[in-house]
Structures are given as structure tokens and as C-alpha cells.
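For reference, my_file.pdb is printed below; it contains PDB, C-alpha atoms.
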MODEL        1
ATOM      1  CA  MET A1152       8.122 -35.394  61.350  1.00  0.00           C
ATOM      2  CA  LYS A1153       8.648 -39.097  60.752  1.00  0.00           C
ATOM      3  CA  GLY A1154      10.370 -38.430  57.455  1.00  0.00           C
ATOM      4  CA  ILE A1155      12.718 -35.846  58.950  1.00  0.00           C
ATOM      5  CA  LYS A1156      13.429 -38.148  61.876  1.00  0.00           C
ATOM      6  CA  ARG A1157      14.275 -41.051  59.574  1.00  0.00           C
ATOM      7  CA  ILE A1158      16.539 -38.946  57.355  1.00  0.00           C
ATOM      8  CA  LEU A1159      18.450 -37.554  60.341  1.00  0.00           C
ATOM      9  CA  ALA A1160      18.771 -41.025  61.857  1.00  0.00           C
ATOM     10  CA  ILE A1161      20.129 -42.481  58.610  1.00  0.00           C
ATOM     11  CA  ILE A1162      22.629 -39.625  58.192  1.00  0.00           C
ATOM     12  CA  THR A1163      23.778 -40.023  61.805  1.00  0.00           C
ATOM     13  CA  LEU A1164      24.146 -43.772  61.405  1.00  0.00           C
ATOM     14  CA  ALA A1165      26.051 -43.419  58.130  1.00  0.00           C
ATOM     15  CA  LEU A1166      28.468 -40.919  59.653  1.00  0.00           C
ATOM     16  CA  ALA A1167      28.977 -43.124  62.712  1.00  0.00           C
ATOM     17  CA  VAL A1168      29.756 -46.155  60.560  1.00  0.00           C
ATOM     18  CA  ALA A1169      32.107 -44.094  58.383  1.00  0.00           C
ATOM     19  CA  ALA A1170      33.944 -42.816  61.475  1.00  0.00           C
ATOM     20  CA  PHE A1171      34.234 -46.355  62.814  1.00  0.00           C
ATOM     21  CA  VAL A1172      35.452 -47.844  59.537  1.00  0.00           C
ATOM     22  CA  LYS A1173      37.923 -45.070  58.735  1.00  0.00           C
ATOM     23  CA  GLY A1174      39.035 -44.615  62.323  1.00  0.00           C
ATOM     24  CA  SER A1175      38.774 -40.857  61.842  1.00  0.00           C
ATOM     25  CA  VAL A1176      37.605 -38.500  64.555  1.00  0.00           C
ATOM     26  CA  ALA A1177      37.067 -35.686  62.030  1.00  0.00           C
ATOM     27  CA  ILE A1178      33.671 -37.167  61.151  1.00  0.00           C
ATOM     28  CA  LEU A1179      32.458 -37.077  64.752  1.00  0.00           C
ATOM     29  CA  ALA A1180      31.576 -33.358  64.788  1.00  0.00           C
ATOM     30  CA  PRO A1181      29.069 -33.550  61.905  1.00  0.00           C
ATOM     31  CA  MET A1182      27.725 -36.804  63.360  1.00  0.00           C
ATOM     32  CA  LEU A1183      27.069 -35.088  66.693  1.00  0.00           C
ATOM     33  CA  LEU A1184      25.387 -32.181  64.911  1.00  0.00           C
ATOM     34  CA  PHE A1185      22.959 -34.472  63.100  1.00  0.00           C
ATOM     35  CA  GLN A1186      22.388 -36.455  66.295  1.00  0.00           C
ATOM     36  CA  GLY A1187      21.523 -33.242  68.128  1.00  0.00           C
ATOM     37  CA  LEU A1188      19.088 -32.262  65.395  1.00  0.00           C
ATOM     38  CA  PHE A1189      17.543 -35.740  65.565  1.00  0.00           C
ATOM     39  CA  ILE A1190      17.043 -35.407  69.303  1.00  0.00           C
ATOM     40  CA  ALA A1191      15.573 -31.912  68.805  1.00  0.00           C
ATOM     41  CA  VAL A1192      12.977 -33.433  66.463  1.00  0.00           C
ATOM     42  CA  LEU A1193      12.167 -35.947  69.203  1.00  0.00           C
ATOM     43  CA  GLY A1194      11.685 -32.996  71.571  1.00  0.00           C
ATOM     44  CA  PHE A1195       9.253 -31.373  69.150  1.00  0.00           C
ATOM     45  CA  GLU A1196       7.269 -34.603  69.020  1.00  0.00           C
ATOM     46  CA  GLU A1197       7.119 -34.823  72.810  1.00  0.00           C
ATOM     47  CA  ARG A1198       6.025 -31.186  73.027  1.00  0.00           C
ATOM     48  CA  GLY A1199       3.224 -31.932  70.583  1.00  0.00           C
ATOM     49  CA  GLU A1200       2.008 -34.752  72.816  1.00  0.00           C
ATOM     50  CA  ARG A1201       1.681 -32.381  75.807  1.00  0.00           C
ATOM     51  CA  ARG A1202       4.676 -33.761  77.701  1.00  0.00           C
ATOM     52  CA  ARG A1203       6.307 -30.431  78.488  1.00  0.00           C
ATOM     53  CA  LYS A1204       8.728 -31.541  81.232  1.00  0.00           C
ATOM     54  CA  LYS A1205      10.061 -34.425  79.191  1.00  0.00           C
ATOM     55  CA  ALA A1206      10.346 -32.194  76.111  1.00  0.00           C
ATOM     56  CA  ALA A1207      12.333 -29.611  78.078  1.00  0.00           C
ATOM     57  CA  VAL A1208      14.862 -32.248  79.146  1.00  0.00           C
ATOM     58  CA  ILE A1209      15.140 -33.547  75.589  1.00  0.00           C
ATOM     59  CA  PHE A1210      15.723 -30.014  74.258  1.00  0.00           C
ATOM     60  CA  LEU A1211      18.415 -29.452  76.896  1.00  0.00           C
ATOM     61  CA  VAL A1212      20.225 -32.647  75.884  1.00  0.00           C
ATOM     62  CA  SER A1213      19.887 -31.683  72.225  1.00  0.00           C
ATOM     63  CA  ALA A1214      21.353 -28.232  72.877  1.00  0.00           C
ATOM     64  CA  LEU A1215      24.312 -29.707  74.744  1.00  0.00           C
ATOM     65  CA  ILE A1216      25.064 -32.138  71.912  1.00  0.00           C
ATOM     66  CA  ILE A1217      24.825 -29.397  69.283  1.00  0.00           C
ATOM     67  CA  LEU A1218      27.063 -27.069  71.316  1.00  0.00           C
ATOM     68  CA  THR A1219      29.592 -29.879  71.717  1.00  0.00           C
ATOM     69  CA  SER A1220      29.636 -30.502  67.972  1.00  0.00           C
ATOM     70  CA  VAL A1221      30.111 -26.787  67.228  1.00  0.00           C
ATOM     71  CA  TYR A1222      32.918 -26.609  69.804  1.00  0.00           C
ATOM     72  CA  ILE A1223      34.683 -29.597  68.229  1.00  0.00           C
ATOM     73  CA  LEU A1224      34.497 -28.016  64.763  1.00  0.00           C
TER      74      LEU A1224
ENDMDL
END
Would you write out, as C-alpha cells, the structure that this file holds?
Amino acid sequence: MKGIKRILAIITLALAVAAFVKGSVAILAPMLLFQGLFIAVLGFEERGERRRKKAAVIFLVSALIILTSVYIL
């Protein structure tokens, strides 16, 4: 999980920097998608540590971010 989390975080950061440097909002949708996937991985980690209520909230936030990114596309 740590490897997947790091890869998603680096991709999200790279897309955010690219959007900031270029001033383009077209990059924001993929950035939000990868951010949502990153947060979903965090939810899986919380679920594995027996924190079900916290994991449910994290999954809800992740779903909202992913739906927003799909809507923007």
C-alpha cells in the first residue's frame, strides 16, 4: 500500500504543479481523479486498522472527489 500511495501522491503533485505552471484548468480533472484514488487508498489503510467510522468518512470524501473529476471531464 505504501508504494501505491507514494505513486499516487507523486502523480497528483506533478499534475498540480503542471496546472499551476501552465495556468491550465484542463489538468485539474485528472489531478482530482488521482487525488481521489489516493484518498481511497488511505481509506483502505484505515479500514485495515479497524477504524471503520473514520474509513467510511474517508471513502465518502474520496467518492465525492472522484465524482467531481468525472463530472469535470
> Just how far from CA of Ser1175 (chain A) is CA of Leu1159 (chain A), in Å to one decimal?
Replying inline: 20.6 Å
For the file shown, report as an mmCIF file with C-alpha atoms, in the frame of the given file the outcome of the PyMOL selection byres ((chain A and resi 1156) around 9) at residue level.
data_model
loop_
_atom_site.group_PDB
_atom_site.id
_atom_site.type_symbol
_atom_site.label_atom_id
_atom_site.label_comp_id
_atom_site.auth_asym_id
_atom_site.auth_seq_id
_atom_site.Cartn_x
_atom_site.Cartn_y
_atom_site.Cartn_z
ATOM 1 C CA MET A 1152 8.122 -35.394 61.350
ATOM 2 C CA LYS A 1153 8.648 -39.097 60.752
ATOM 3 C CA GLY A 1154 10.370 -38.430 57.455
ATOM 4 C CA ILE A 1155 12.718 -35.846 58.950
ATOM 5 C CA ARG A 1157 14.275 -41.051 59.574
ATOM 6 C CA ILE A 1158 16.539 -38.946 57.355
ATOM 7 C CA LEU A 1159 18.450 -37.554 60.341
ATOM 8 C CA ALA A 1160 18.771 -41.025 61.857
ATOM 9 C CA ILE A 1161 20.129 -42.481 58.610
ATOM 10 C CA LEU A 1188 19.088 -32.262 65.395
ATOM 11 C CA PHE A 1189 17.543 -35.740 65.565
ATOM 12 C CA ILE A 1190 17.043 -35.407 69.303
ATOM 13 C CA VAL A 1192 12.977 -33.433 66.463
ATOM 14 C CA LEU A 1193 12.167 -35.947 69.203
#
>> To test your reading of the syntax: which residues would the PyMOL selection byres ((chain A and resi 1187) around 10) return for the file shown? Reply as a ChimeraX atom specification.
In response: /A:1159,1163,1181-1186,1188-1193,1209-1210,1212-1220
With all atoms of region 1165-1170 of chain A from the file as input, state the centre and edge lengths in Å to one decimal of the axis-aligned box that has 3 Å extra on each side, as AutoDock Vina command-line options.
--center_x 30.0 --center_y -43.5 --center_z 60.4 --size_x 13.9 --size_y 11.2 --size_z 10.6
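As for CA of Leu1224 (chain A) and CA of Ala1180 (chain A), they are spaced 6.1 Å apart.
Proximity of A:Leu1211, A:Ile1178, A:Ala1206, A:Glu1197 to Leu1166 (chain A), computed with all atoms listed in the file, is greatest for A:Ile1178.
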>> Just to confirm, what's the straight-line distance from CA of Ala1177 (chain A) to CA of Ala1165 (chain A) in Å (one decimal)?
In response: 14.0 Å
